[in-house]
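Here is model_39.cif, consisting of mmCIF, C-alpha atoms; chains and numbers go by the auth columns:
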data_start
loop_
_atom_site.group_PDB
_atom_site.id
_atom_site.type_symbol
_atom_site.label_atom_id
_atom_site.label_comp_id
_atom_site.label_asym_id
_atom_site.label_seq_id
_atom_site.Cartn_x
_atom_site.Cartn_y
_atom_site.Cartn_z
_atom_site.B_iso_or_equiv
_atom_site.auth_seq_id
_atom_site.auth_asym_id
ATOM 1 C CA MET A 1 141.952 90.146 93.172 0.00 8 Y
ATOM 2 C CA MET A 2 140.799 92.913 90.905 0.00 9 Y
ATOM 3 C CA ARG A 3 139.222 91.529 87.736 0.00 10 Y
ATOM 4 C CA PRO A 4 138.250 93.200 84.460 0.00 11 Y
ATOM 5 C CA ASP A 5 134.586 94.128 84.172 0.00 12 Y
ATOM 6 C CA THR A 6 134.444 92.036 81.009 0.00 13 Y
ATOM 7 C CA LEU A 7 134.530 88.796 82.996 0.00 14 Y
ATOM 8 C CA VAL A 8 131.305 87.137 83.989 0.00 15 Y
ATOM 9 C CA ASP A 9 129.974 87.498 87.528 0.00 16 Y
ATOM 10 C CA ASP A 10 127.984 84.347 88.296 0.00 17 Y
ATOM 11 C CA ASN A 11 126.063 86.189 91.016 0.00 18 Y
ATOM 12 C CA ALA A 12 124.822 88.910 88.689 0.00 19 Y
ATOM 13 C CA PRO A 13 121.251 88.961 87.285 0.00 20 Y
ATOM 14 C CA TRP A 14 120.682 86.767 84.221 0.00 21 Y
ATOM 15 C CA GLN A 15 120.486 89.604 81.705 0.00 22 Y
ATOM 16 C CA GLN A 16 123.705 91.103 83.037 0.00 23 Y
ATOM 17 C CA ARG A 17 125.443 87.716 82.859 0.00 24 Y
ATOM 18 C CA LYS A 18 124.248 87.258 79.292 0.00 25 Y
ATOM 19 C CA SER A 19 125.608 90.664 78.315 0.00 26 Y
ATOM 20 C CA ALA A 20 128.938 89.959 80.023 0.00 27 Y
ATOM 21 C CA GLN A 21 129.191 86.587 78.280 0.00 28 Y
ATOM 22 C CA MET A 22 128.637 88.292 74.948 0.00 29 Y
ATOM 23 C CA ARG A 23 131.406 90.800 75.697 0.00 30 Y
ATOM 24 C CA VAL A 24 133.827 88.031 76.617 0.00 31 Y
ATOM 25 C CA ARG A 25 132.913 86.136 73.443 0.00 32 Y
ATOM 26 C CA ILE A 26 133.634 89.220 71.339 0.00 33 Y
ATOM 27 C CA LEU A 27 136.859 90.035 73.164 0.00 34 Y
ATOM 28 C CA GLU A 28 138.131 86.458 72.903 0.00 35 Y
ATOM 29 C CA ALA A 29 137.474 86.546 69.158 0.00 36 Y
ATOM 30 C CA THR A 30 139.333 89.851 68.983 0.00 37 Y
ATOM 31 C CA VAL A 31 142.342 88.319 70.720 0.00 38 Y
ATOM 32 C CA ASP A 32 142.322 85.464 68.187 0.00 39 Y
ATOM 33 C CA CYS A 33 142.035 87.923 65.313 0.00 40 Y
ATOM 34 C CA LEU A 34 144.994 89.966 66.531 0.00 41 Y
ATOM 35 C CA VAL A 35 147.126 86.852 66.962 0.00 42 Y
ATOM 36 C CA GLU A 36 146.222 85.497 63.524 0.00 43 Y
ATOM 37 C CA LYS A 37 145.948 88.667 61.422 0.00 44 Y
ATOM 38 C CA GLY A 38 147.589 91.442 63.398 0.00 45 Y
ATOM 39 C CA TYR A 39 146.186 94.899 64.016 0.00 46 Y
ATOM 40 C CA ALA A 40 145.811 95.591 60.294 0.00 47 Y
ATOM 41 C CA GLY A 41 143.387 92.661 60.004 0.00 48 Y
ATOM 42 C CA LEU A 42 141.182 93.731 62.895 0.00 49 Y
ATOM 43 C CA SER A 43 137.741 95.152 62.134 0.00 50 Y
ATOM 44 C CA THR A 44 134.292 94.961 63.678 0.00 51 Y
ATOM 45 C CA ASN A 45 133.091 93.146 60.534 0.00 52 Y
ATOM 46 C CA GLU A 46 135.781 90.501 61.031 0.00 53 Y
ATOM 47 C CA ILE A 47 134.684 89.951 64.635 0.00 54 Y
ATOM 48 C CA VAL A 48 131.019 89.748 63.603 0.00 55 Y
ATOM 49 C CA GLN A 49 131.938 86.975 61.167 0.00 56 Y
ATOM 50 C CA ARG A 50 134.045 85.132 63.737 0.00 57 Y
ATOM 51 C CA THR A 51 131.464 85.233 66.528 0.00 58 Y
ATOM 52 C CA GLY A 52 128.238 85.046 64.530 0.00 59 Y
ATOM 53 C CA VAL A 53 126.729 87.851 66.615 0.00 60 Y
ATOM 54 C CA SER A 54 124.487 90.377 64.924 0.00 61 Y
ATOM 55 C CA ARG A 55 125.898 93.716 63.856 0.00 62 Y
ATOM 56 C CA GLY A 56 123.424 95.368 66.209 0.00 63 Y
ATOM 57 C CA ALA A 57 124.716 93.361 69.168 0.00 64 Y
ATOM 58 C CA MET A 58 128.290 94.091 68.172 0.00 65 Y
ATOM 59 C CA HIS A 59 127.666 97.821 67.947 0.00 66 Y
ATOM 60 C CA HIS A 60 125.739 97.790 71.218 0.00 67 Y
ATOM 61 C CA HIS A 61 128.854 96.610 73.049 0.00 68 Y
ATOM 62 C CA PHE A 62 131.489 98.228 70.821 0.00 69 Y
ATOM 63 C CA PRO A 63 130.188 100.963 68.500 0.00 70 Y
ATOM 64 C CA ASN A 64 133.435 101.205 66.543 0.00 71 Y
ATOM 65 C CA ARG A 65 136.865 99.662 66.075 0.00 72 Y
ATOM 66 C CA MET A 66 138.624 101.865 68.607 0.00 73 Y
ATOM 67 C CA ALA A 67 136.051 101.124 71.305 0.00 74 Y
ATOM 68 C CA LEU A 68 136.782 97.443 70.720 0.00 75 Y
ATOM 69 C CA VAL A 69 140.523 98.067 70.815 0.00 76 Y
ATOM 70 C CA GLY A 70 140.262 99.998 74.080 0.00 77 Y
ATOM 71 C CA ALA A 71 138.348 97.139 75.689 0.00 78 Y
ATOM 72 C CA VAL A 72 140.670 94.411 74.426 0.00 79 Y
ATOM 73 C CA ILE A 73 143.749 96.269 75.719 0.00 80 Y
ATOM 74 C CA GLU A 74 142.281 96.202 79.217 0.00 81 Y
ATOM 75 C CA TYR A 75 141.020 92.648 78.807 0.00 82 Y
ATOM 76 C CA THR A 76 144.405 91.216 77.791 0.00 83 Y
ATOM 77 C CA LEU A 77 146.290 93.086 80.499 0.00 84 Y
ATOM 78 C CA TYR A 78 143.991 92.000 83.312 0.00 85 Y
ATOM 79 C CA GLN A 79 143.733 88.439 82.050 0.00 86 Y
ATOM 80 C CA ARG A 80 147.514 88.195 82.125 0.00 87 Y
ATOM 81 C CA MET A 81 147.626 89.469 85.704 0.00 88 Y
ATOM 82 C CA HIS A 82 144.925 87.035 86.789 0.00 89 Y
ATOM 83 C CA ARG A 83 146.660 84.051 85.176 0.00 90 Y
ATOM 84 C CA PHE A 84 150.045 85.043 86.575 0.00 91 Y
ATOM 85 C CA LEU A 85 148.703 84.972 90.130 0.00 92 Y
ATOM 86 C CA GLU A 86 146.705 81.791 89.549 0.00 93 Y
ATOM 87 C CA GLY A 87 149.754 80.038 88.130 0.00 94 Y
ATOM 88 C CA TYR A 88 152.009 81.331 90.885 0.00 95 Y
ATOM 89 C CA TYR A 89 149.805 80.037 93.689 0.00 96 Y
ATOM 90 C CA ASP A 90 149.183 76.743 91.877 0.00 97 Y
ATOM 91 C CA VAL A 91 152.893 76.008 91.513 0.00 98 Y
ATOM 92 C CA LEU A 92 153.574 76.797 95.154 0.00 99 Y
ATOM 93 C CA LYS A 93 150.668 74.595 96.210 0.00 100 Y
ATOM 94 C CA ARG A 94 151.775 71.617 94.100 0.00 101 Y
ATOM 95 C CA SER A 95 155.502 71.907 94.707 0.00 102 Y
ATOM 96 C CA LYS A 96 156.951 69.301 97.071 0.00 103 Y
ATOM 97 C CA LYS A 97 159.901 71.549 97.814 0.00 104 Y
ATOM 98 C CA GLN A 98 159.639 75.040 99.226 0.00 105 Y
ATOM 99 C CA LYS A 99 160.605 77.314 96.345 0.00 106 Y
ATOM 100 C CA ARG A 100 161.719 80.892 96.746 0.00 107 Y
ATOM 101 C CA PHE A 101 159.110 83.208 95.403 0.00 108 Y
ATOM 102 C CA PHE A 102 161.305 84.873 92.792 0.00 109 Y
ATOM 103 C CA VAL A 103 162.085 81.496 91.149 0.00 110 Y
ATOM 104 C CA VAL A 104 158.383 80.755 90.759 0.00 111 Y
ATOM 105 C CA ALA A 105 157.511 84.315 89.779 0.00 112 Y
ATOM 106 C CA THR A 106 160.182 84.430 87.058 0.00 113 Y
ATOM 107 C CA GLU A 107 158.985 81.161 85.521 0.00 114 Y
ATOM 108 C CA MET A 108 155.349 82.258 85.703 0.00 115 Y
ATOM 109 C CA HIS A 109 156.214 85.506 83.960 0.00 116 Y
ATOM 110 C CA TRP A 110 157.987 83.653 81.134 0.00 117 Y
ATOM 111 C CA GLN A 111 154.907 81.489 80.628 0.00 118 Y
ATOM 112 C CA ASN A 112 152.794 84.635 80.755 0.00 119 Y
ATOM 113 C CA VAL A 113 154.588 86.357 77.871 0.00 120 Y
ATOM 114 C CA GLN A 114 154.040 83.271 75.719 0.00 121 Y
ATOM 115 C CA SER A 115 150.266 83.440 76.121 0.00 122 Y
ATOM 116 C CA ARG A 116 147.883 84.389 73.345 0.00 123 Y
ATOM 117 C CA GLU A 117 146.787 87.405 75.391 0.00 124 Y
ATOM 118 C CA PHE A 118 150.344 88.705 75.391 0.00 125 Y
ATOM 119 C CA ALA A 119 150.687 87.997 71.667 0.00 126 Y
ATOM 120 C CA ALA A 120 147.573 90.128 71.065 0.00 127 Y
ATOM 121 C CA TYR A 121 148.884 92.871 73.342 0.00 128 Y
ATOM 122 C CA LEU A 122 152.231 92.818 71.521 0.00 129 Y
ATOM 123 C CA GLU A 123 150.501 93.235 68.168 0.00 130 Y
ATOM 124 C CA LEU A 124 148.765 96.337 69.505 0.00 131 Y
ATOM 125 C CA ALA A 125 151.907 97.700 71.148 0.00 132 Y
ATOM 126 C CA MET A 126 153.909 97.354 67.937 0.00 133 Y
ATOM 127 C CA ALA A 127 151.167 98.956 65.844 0.00 134 Y
ATOM 128 C CA ALA A 128 150.890 101.848 68.307 0.00 135 Y
ATOM 129 C CA ARG A 129 154.441 102.904 67.430 0.00 136 Y
ATOM 130 C CA THR A 130 153.235 104.263 64.095 0.00 137 Y
ATOM 131 C CA ASP A 131 149.510 104.759 64.739 0.00 138 Y
ATOM 132 C CA ASP A 132 148.781 107.909 66.745 0.00 139 Y
ATOM 133 C CA GLU A 133 145.121 107.046 67.286 0.00 140 Y
ATOM 134 C CA LEU A 134 145.978 103.618 68.702 0.00 141 Y
ATOM 135 C CA ASN A 135 148.765 105.071 70.833 0.00 142 Y
ATOM 136 C CA GLU A 136 146.256 107.407 72.479 0.00 143 Y
ATOM 137 C CA PHE A 137 144.515 104.295 73.816 0.00 144 Y
ATOM 138 C CA MET A 138 147.632 102.263 74.568 0.00 145 Y
ATOM 139 C CA ALA A 139 149.761 104.751 76.494 0.00 146 Y
ATOM 140 C CA PRO A 140 147.316 105.594 79.328 0.00 147 Y
ATOM 141 C CA ALA A 141 146.002 102.002 79.507 0.00 148 Y
ATOM 142 C CA VAL A 142 149.478 100.543 79.977 0.00 149 Y
ATOM 143 C CA LYS A 143 150.403 103.144 82.607 0.00 150 Y
ATOM 144 C CA LYS A 144 147.149 102.453 84.447 0.00 151 Y
ATOM 145 C CA PHE A 145 147.781 98.720 84.331 0.00 152 Y
ATOM 146 C CA ASP A 146 151.310 99.135 85.682 0.00 153 Y
ATOM 147 C CA LYS A 147 149.922 100.922 88.739 0.00 154 Y
ATOM 148 C CA VAL A 148 147.136 98.356 89.183 0.00 155 Y
ATOM 149 C CA TRP A 149 149.683 95.543 88.845 0.00 156 Y
ATOM 150 C CA GLN A 150 151.902 97.031 91.546 0.00 157 Y
ATOM 151 C CA ASP A 151 148.938 97.638 93.843 0.00 158 Y
ATOM 152 C CA GLU A 152 147.701 94.085 93.291 0.00 159 Y
ATOM 153 C CA MET A 153 151.123 92.589 94.046 0.00 160 Y
ATOM 154 C CA LYS A 154 151.306 94.601 97.269 0.00 161 Y
ATOM 155 C CA ARG A 155 147.822 93.455 98.241 0.00 162 Y
ATOM 156 C CA SER A 156 148.471 89.796 97.373 0.00 163 Y
ATOM 157 C CA PHE A 157 151.932 89.754 98.947 0.00 164 Y
ATOM 158 C CA PRO A 158 151.938 92.258 101.838 0.00 165 Y
ATOM 159 C CA GLU A 159 155.365 91.020 102.943 0.00 166 Y
ATOM 160 C CA TRP A 160 156.802 92.529 99.737 0.00 167 Y
ATOM 161 C CA GLU A 161 155.497 96.058 100.250 0.00 168 Y
ATOM 162 C CA ALA A 162 158.296 97.303 102.494 0.00 169 Y
ATOM 163 C CA ARG A 163 160.884 96.352 99.848 0.00 170 Y
ATOM 164 C CA TRP A 164 158.800 97.071 96.764 0.00 171 Y
ATOM 165 C CA ALA A 165 161.270 99.536 95.243 0.00 172 Y
ATOM 166 C CA GLU A 166 163.965 96.856 95.231 0.00 173 Y
ATOM 167 C CA LEU A 167 161.597 94.178 93.996 0.00 174 Y
ATOM 168 C CA GLN A 168 160.502 96.449 91.169 0.00 175 Y
ATOM 169 C CA VAL A 169 164.045 96.498 89.747 0.00 176 Y
ATOM 170 C CA ALA A 170 164.076 92.721 89.401 0.00 177 Y
ATOM 171 C CA SER A 171 160.509 92.632 88.081 0.00 178 Y
ATOM 172 C CA ASP A 172 161.264 95.246 85.418 0.00 179 Y
ATOM 173 C CA PHE A 173 164.437 93.414 84.430 0.00 180 Y
ATOM 174 C CA ALA A 174 162.578 90.115 84.016 0.00 181 Y
ATOM 175 C CA MET A 175 159.899 91.785 81.921 0.00 182 Y
ATOM 176 C CA ALA A 176 162.403 93.459 79.593 0.00 183 Y
ATOM 177 C CA ALA A 177 164.565 90.333 79.281 0.00 184 Y
ATOM 178 C CA HIS A 178 161.636 88.002 78.644 0.00 185 Y
ATOM 179 C CA MET A 179 160.228 90.270 75.961 0.00 186 Y
ATOM 180 C CA GLY A 180 163.600 90.280 74.218 0.00 187 Y
ATOM 181 C CA LEU A 181 163.882 86.507 74.479 0.00 188 Y
ATOM 182 C CA LEU A 182 160.350 86.074 73.169 0.00 189 Y
ATOM 183 C CA MET A 183 161.266 88.052 70.059 0.00 190 Y
ATOM 184 C CA SER A 184 164.492 86.067 69.600 0.00 191 Y
ATOM 185 C CA GLN A 185 163.458 82.482 70.360 0.00 192 Y
ATOM 186 C CA GLN A 186 162.736 81.570 66.752 0.00 193 Y
ATOM 187 C CA MET A 187 166.302 82.548 65.858 0.00 194 Y
ATOM 188 C CA PHE A 188 167.836 80.970 68.960 0.00 195 Y
ATOM 189 C CA GLY A 189 166.021 77.641 68.841 0.00 196 Y
ATOM 190 C CA GLU A 190 164.839 75.601 71.816 0.00 197 Y
ATOM 191 C CA ARG A 191 168.207 74.824 73.441 0.00 198 Y
ATOM 192 C CA ARG A 192 169.591 78.365 73.342 0.00 199 Y
ATOM 193 C CA THR A 193 166.256 79.813 74.426 0.00 200 Y
ATOM 194 C CA ARG A 194 166.181 77.517 77.443 0.00 201 Y
ATOM 195 C CA LYS A 195 169.735 78.480 78.421 0.00 202 Y
ATOM 196 C CA VAL A 196 168.992 82.186 78.136 0.00 203 Y
ATOM 197 C CA LYS A 197 165.758 81.739 80.101 0.00 204 Y
ATOM 198 C CA ASP A 198 167.693 80.021 82.896 0.00 205 Y
ATOM 199 C CA GLN A 199 170.265 82.806 82.845 0.00 206 Y
ATOM 200 C CA ILE A 200 167.514 85.389 83.230 0.00 207 Y
ATOM 201 C CA ALA A 201 166.239 83.536 86.300 0.00 208 Y
ATOM 202 C CA THR A 202 169.769 83.543 87.734 0.00 209 Y
ATOM 203 C CA ALA A 203 170.139 87.263 87.043 0.00 210 Y
ATOM 204 C CA VAL A 204 166.805 87.984 88.755 0.00 211 Y
ATOM 205 C CA SER A 205 168.014 86.003 91.774 0.00 212 Y
ATOM 206 C CA ASP A 206 171.243 88.005 91.836 0.00 213 Y
ATOM 207 C CA ILE A 207 169.307 91.279 91.718 0.00 214 Y
ATOM 208 C CA TYR A 208 167.230 90.203 94.696 0.00 215 Y
ATOM 209 C CA LYS A 209 170.370 89.282 96.618 0.00 216 Y
ATOM 210 C CA LYS A 210 172.080 92.537 95.660 0.00 217 Y
ATOM 211 C CA GLU A 211 169.077 94.531 96.773 0.00 218 Y
ATOM 212 C CA GLY A 212 168.994 92.604 100.040 0.00 219 Y
ATOM 213 C CA VAL A 213 165.604 90.912 99.517 0.00 220 Y
ATOM 214 C CA ASP A 214 165.158 87.545 101.220 0.00 221 Y
#
What does the file become when written as C-alpha coordinates?
Amino acid sequence: MMRPDTLVDDNAPWQQRKSAQMRVRILEATVDCLVEKGYAGLSTNEIVQRTGVSRGAMHHHFPNRMALVGAVIEYTLYQRMHRFLEGYYDVLKRSKKQKRFFVVATEMHWQNVQSREFAAYLELAMAARTDDELNEFMAPAVKKFDKVWQDEMKRSFPEWEARWAELQVASDFAMAAHMGLLMSQQMFGERRTRKVKDQIATAVSDIYKKEGVD
(Lines of atoms letter the chains of each structure in order from A and count residues from 1; the text may use other names and numbers.)
(Lines give C-alpha, C1' and ligand atoms only; values in the text may rest on other atoms or scores of the structure.)
Protein backbone atom coordinates (compact mmCIF):
# COMPACT_ATOMS: atom_id res chain seq x y z
CA MET A 1 0.00 0.00 0.00
CA MET A 2 0.96 3.62 -0.30
CA ARG A 3 3.10 4.73 2.64
CA PRO A 4 4.17 8.18 3.83
CA ASP A 5 7.65 9.22 2.75
CA THR A 6 8.49 9.73 6.42
CA LEU A 7 8.68 5.98 7.03
CA VAL A 8 11.98 4.21 6.74
CA ASP A 9 12.82 2.22 3.62
CA ASP A 10 15.17 -0.58 4.68
CA ASN A 11 16.45 -0.90 1.11
CA ALA A 12 17.52 2.73 0.87
CA PRO A 13 21.18 3.84 1.20
CA TRP A 14 22.43 4.23 4.78
CA GLN A 15 22.48 8.02 4.80
CA GLN A 16 18.93 8.14 3.46
CA ARG A 17 17.77 5.64 6.09
CA LYS A 18 19.43 7.69 8.81
CA SER A 19 17.68 10.84 7.62
CA ALA A 20 14.33 9.04 7.43
CA GLN A 21 14.81 7.64 10.94
CA MET A 22 15.47 11.14 12.22
CA ARG A 23 12.28 12.42 10.58
CA VAL A 24 10.23 9.63 12.13
CA ARG A 25 11.79 10.33 15.53
CA ILE A 26 10.85 14.00 15.26
CA LEU A 27 7.35 13.28 14.00
CA GLU A 28 6.69 10.71 16.72
CA ALA A 29 7.75 13.26 19.33
CA THR A 30 5.43 15.79 17.70
CA VAL A 31 2.52 13.37 17.96
CA ASP A 32 3.28 12.89 21.67
CA CYS A 33 3.51 16.64 22.18
CA LEU A 34 0.15 17.25 20.53
CA VAL A 35 -1.50 14.54 22.61
CA GLU A 36 -0.01 15.81 25.86
CA LYS A 37 0.01 19.59 25.34
CA GLY A 38 -2.26 20.31 22.41
CA TYR A 39 -1.50 22.57 19.47
CA ALA A 40 -0.80 25.55 21.73
CA GLY A 41 2.07 23.64 23.36
CA LEU A 42 3.73 22.63 20.10
CA SER A 43 6.97 24.34 19.10
CA THR A 44 10.20 23.33 17.42
CA ASN A 45 12.03 24.08 20.69
CA GLU A 46 9.74 21.65 22.53
CA ILE A 47 10.49 18.91 19.99
CA VAL A 48 14.23 19.59 20.19
CA GLN A 49 14.05 19.07 23.95
CA ARG A 50 11.97 15.91 23.62
CA THR A 51 14.16 14.25 20.98
CA GLY A 52 17.59 15.56 21.98
CA VAL A 53 18.39 16.36 18.34
CA SER A 54 20.39 19.47 17.56
CA ARG A 55 18.61 22.62 16.49
CA GLY A 56 20.50 22.42 13.21
CA ALA A 57 19.20 18.91 12.53
CA MET A 58 15.70 19.97 13.49
CA HIS A 59 15.76 22.95 11.15
CA HIS A 60 17.27 20.86 8.37
CA HIS A 61 14.18 18.64 8.35
CA PHE A 62 11.61 21.21 9.48
CA PRO A 63 12.73 24.85 9.21
CA ASN A 64 9.73 26.18 11.13
CA ARG A 65 6.66 25.18 13.12
CA MET A 66 4.30 25.10 10.16
CA ALA A 67 6.62 22.88 8.13
CA LEU A 68 6.55 20.46 11.06
CA VAL A 69 2.77 20.72 11.30
CA GLY A 70 2.35 20.03 7.59
CA ALA A 71 4.48 16.90 7.86
CA VAL A 72 2.78 15.59 10.98
CA ILE A 73 -0.68 16.00 9.42
CA GLU A 74 0.36 13.72 6.58
CA TYR A 75 2.20 11.36 8.92
CA THR A 76 -0.78 10.81 11.23
CA LEU A 77 -3.24 10.36 8.38
CA TYR A 78 -1.14 7.79 6.54
CA GLN A 79 -0.18 5.95 9.71
CA ARG A 80 -3.86 5.56 10.53
CA MET A 81 -4.59 4.16 7.07
CA HIS A 82 -1.69 1.73 7.31
CA ARG A 83 -2.73 0.47 10.75
CA PHE A 84 -6.37 0.16 9.72
CA LEU A 85 -5.46 -2.17 6.86
CA GLU A 86 -2.94 -4.10 8.95
CA GLY A 87 -5.49 -4.62 11.71
CA TYR A 88 -8.22 -5.55 9.26
CA TYR A 89 -6.19 -8.27 7.58
CA ASP A 90 -4.85 -9.53 10.92
CA VAL A 91 -8.33 -10.00 12.36
CA LEU A 92 -9.55 -11.83 9.28
CA LYS A 93 -6.48 -14.06 9.35
CA ARG A 94 -6.85 -14.96 13.04
CA SER A 95 -10.62 -15.30 13.11
CA LYS A 96 -11.91 -18.87 13.29
CA LYS A 97 -15.24 -17.79 11.86
CA GLN A 98 -15.70 -16.08 8.53
CA LYS A 99 -16.66 -12.52 9.40
CA ARG A 100 -18.36 -10.13 7.02
CA PHE A 101 -16.01 -7.40 6.04
CA PHE A 102 -18.11 -4.52 7.34
CA VAL A 103 -18.16 -6.02 10.87
CA VAL A 104 -14.37 -6.16 10.93
CA ALA A 105 -13.95 -2.80 9.22
CA THR A 106 -16.28 -1.04 11.68
CA GLU A 107 -14.41 -2.44 14.69
CA MET A 108 -11.04 -1.58 13.16
CA HIS A 109 -12.19 1.97 12.54
CA TRP A 110 -13.31 2.36 16.17
CA GLN A 111 -9.89 1.19 17.34
CA ASN A 112 -8.33 3.57 14.83
CA VAL A 113 -10.02 6.68 16.22
CA GLN A 114 -8.75 5.80 19.69
CA SER A 115 -5.12 5.82 18.57
CA ARG A 116 -2.61 8.45 19.57
CA GLU A 117 -2.24 9.42 15.91
CA PHE A 118 -5.93 10.26 15.76
CA ALA A 119 -5.72 12.16 19.05
CA ALA A 120 -2.93 14.28 17.54
CA TYR A 121 -4.91 14.80 14.34
CA LEU A 122 -7.97 15.82 16.37
CA GLU A 123 -5.95 18.40 18.27
CA LEU A 124 -4.89 19.93 14.96
CA ALA A 125 -8.38 19.75 13.46
CA MET A 126 -9.91 21.52 16.45
CA ALA A 127 -7.23 24.21 16.46
CA ALA A 128 -7.69 24.78 12.73
CA ARG A 129 -11.24 26.00 13.38
CA THR A 130 -9.88 29.27 14.76
CA ASP A 131 -6.38 29.37 13.26
CA ASP A 132 -6.39 30.45 9.61
CA GLU A 133 -2.73 29.60 9.06
CA LEU A 134 -3.20 26.05 10.36
CA ASN A 135 -6.41 25.63 8.38
CA GLU A 136 -4.50 26.41 5.18
CA PHE A 137 -2.47 23.26 5.84
CA MET A 138 -5.29 21.11 7.18
CA ALA A 139 -7.99 21.63 4.56
CA PRO A 140 -6.06 20.50 1.44
CA ALA A 141 -4.23 17.74 3.36
CA VAL A 142 -7.47 16.18 4.60
CA LYS A 143 -9.09 16.37 1.16
CA LYS A 144 -6.00 14.78 -0.39
CA PHE A 145 -6.02 12.02 2.21
CA ASP A 146 -9.71 11.30 1.61
CA LYS A 147 -8.98 10.69 -2.08
CA VAL A 148 -5.90 8.58 -1.30
CA TRP A 149 -7.92 6.58 1.24
CA GLN A 150 -10.64 5.84 -1.30
CA ASP A 151 -8.10 4.91 -3.96
CA GLU A 152 -6.27 2.65 -1.52
CA MET A 153 -9.48 0.88 -0.47
CA LYS A 154 -10.35 0.27 -4.12
CA ARG A 155 -6.87 -1.09 -4.77
CA SER A 156 -6.83 -3.30 -1.66
CA PHE A 157 -10.40 -4.51 -2.15
CA PRO A 158 -11.14 -4.52 -5.90
CA GLU A 159 -14.43 -6.32 -5.28
CA TRP A 160 -15.70 -3.14 -3.59
CA GLU A 161 -15.03 -0.77 -6.47
CA ALA A 162 -18.23 -1.42 -8.41
CA ARG A 163 -20.32 -0.51 -5.34
CA TRP A 164 -18.03 2.15 -3.90
CA ALA A 165 -20.65 4.90 -3.87
CA GLU A 166 -22.88 2.78 -1.64
CA LEU A 167 -19.99 1.68 0.55
CA GLN A 168 -18.94 5.29 0.99
CA VAL A 169 -22.26 6.11 2.69
CA ALA A 170 -21.66 3.50 5.37
CA SER A 171 -18.00 4.45 5.73
CA ASP A 172 -18.83 8.13 6.19
CA PHE A 173 -21.54 7.27 8.70
CA ALA A 174 -19.16 5.14 10.76
CA MET A 175 -16.55 7.88 10.74
CA ALA A 176 -18.99 10.57 11.88
CA ALA A 177 -20.59 8.33 14.53
CA HIS A 178 -17.28 7.12 15.93
CA MET A 179 -15.94 10.65 16.21
CA GLY A 180 -19.04 11.66 18.15
CA LEU A 181 -18.76 8.64 20.42
CA LEU A 182 -15.08 9.32 21.00
CA MET A 183 -15.92 12.81 22.22
CA SER A 184 -18.72 11.49 24.45
CA GLN A 185 -17.24 8.33 25.98
CA GLN A 186 -15.97 10.05 29.11
CA MET A 187 -19.51 11.23 29.83
CA PHE A 188 -21.13 7.93 28.82
CA GLY A 189 -18.82 5.58 30.70
CA GLU A 190 -17.69 2.14 29.56
CA ARG A 191 -21.06 0.35 29.49
CA ARG A 192 -22.96 3.02 27.56
CA THR A 193 -20.04 3.54 25.20
CA ARG A 194 -19.96 -0.17 24.40
CA LYS A 195 -23.71 -0.24 23.74
CA VAL A 196 -23.53 2.77 21.43
CA LYS A 197 -20.51 1.28 19.64
CA ASP A 198 -22.47 -1.93 19.03
CA GLN A 199 -25.42 0.09 17.77
CA ILE A 200 -23.17 1.89 15.31
CA ALA A 201 -21.99 -1.47 13.97
CA THR A 202 -25.62 -2.55 13.57
CA ALA A 203 -26.48 0.69 11.77
CA VAL A 204 -23.52 0.24 9.40
CA SER A 205 -24.75 -3.28 8.65
CA ASP A 206 -28.24 -1.95 7.94
CA ILE A 207 -26.84 0.67 5.56
CA TYR A 208 -24.98 -2.01 3.64
CA LYS A 209 -28.14 -4.10 3.40
CA LYS A 210 -30.21 -1.09 2.35
CA GLU A 211 -27.71 -0.20 -0.32
CA GLY A 212 -27.71 -3.79 -1.54
CA VAL A 213 -24.06 -4.58 -0.71
CA ASP A 214 -23.29 -8.21 0.09
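Note that the spacing between atom CA of Ser50 of chain Y and atom CA of Phe69 of chain Y amounts to 11.1 Å.
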Run the PyMOL selection byres ((chain Y and resi 79) around 12) against the file shown and list the residues it catches, as number ranges by chain.
Y: 11-14, 30-41, 46, 49, 69, 72-78, 80-86, 124-125, 127-128, 130-131, 144-145, 148
Might you spell out which residues the PyMOL selection byres ((chain Y and resi 195-207) around 9) would select in the displayed file, as an mmCIF file with C-alpha atoms, keeping the file's coordinate frame?
data_model
loop_
_atom_site.group_PDB
_atom_site.id
_atom_site.type_symbol
_atom_site.label_atom_id
_atom_site.label_comp_id
_atom_site.auth_asym_id
_atom_site.auth_seq_id
_atom_site.Cartn_x
_atom_site.Cartn_y
_atom_site.Cartn_z
ATOM 1 C CA THR Y 113 160.182 84.430 87.058
ATOM 2 C CA GLU Y 114 158.985 81.161 85.521
ATOM 3 C CA TRP Y 117 157.987 83.653 81.134
ATOM 4 C CA PHE Y 180 164.437 93.414 84.430
ATOM 5 C CA ALA Y 181 162.578 90.115 84.016
ATOM 6 C CA ALA Y 184 164.565 90.333 79.281
ATOM 7 C CA HIS Y 185 161.636 88.002 78.644
ATOM 8 C CA LEU Y 188 163.882 86.507 74.479
ATOM 9 C CA LEU Y 189 160.350 86.074 73.169
ATOM 10 C CA SER Y 191 164.492 86.067 69.600
ATOM 11 C CA GLN Y 192 163.458 82.482 70.360
ATOM 12 C CA GLN Y 193 162.736 81.570 66.752
ATOM 13 C CA MET Y 194 166.302 82.548 65.858
ATOM 14 C CA ALA Y 208 166.239 83.536 86.300
ATOM 15 C CA THR Y 209 169.769 83.543 87.734
ATOM 16 C CA ALA Y 210 170.139 87.263 87.043
ATOM 17 C CA VAL Y 211 166.805 87.984 88.755
ATOM 18 C CA SER Y 212 168.014 86.003 91.774
#
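Minimum distance to Val111 of chain Y across Y:Gly94, Y:Pro165, Y:Gly187, Y:Pro70 (counting all atoms listed in the file) occurs at Y:Gly94.
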Computed interatomic separation between atom CA of Asp139 of chain Y and atom CA of Asn71 of chain Y (Å):
16.7 Å
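Atom CA of Asp158 of chain Y lies 28.4 Å from atom CA of Glu140 of chain Y.
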Evaluate the PyMOL selection byres ((chain Y and resi 170) around 12) on the structure here and hand back the selected residues as a count of residues only.
20
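For the choices Y:His66, Y:Arg101, Y:Lys25, Y:Lys217, the atom-to-atom distance to Ile54 of chain Y is smallest for Y:His66 when using only C-alpha atoms.
Proximity to Ala183 of chain Y was assessed for Y:Arg107, Y:His67, Y:His116, Y:Lys216 counting only C-alpha atoms; the smallest distance is recorded for Y:His116.
Minimum distance to Met186 of chain Y across Y:Ile214, Y:Val120, Y:Ala134, Y:Ala126 (counting all atoms listed in the file) occurs at Y:Val120.
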I'd like to know which of Y:Val42, Y:Met190, Y:Val149, Y:Ala47 is closest to Ser122 of chain Y, using only C-alpha atoms.
Y:Val42
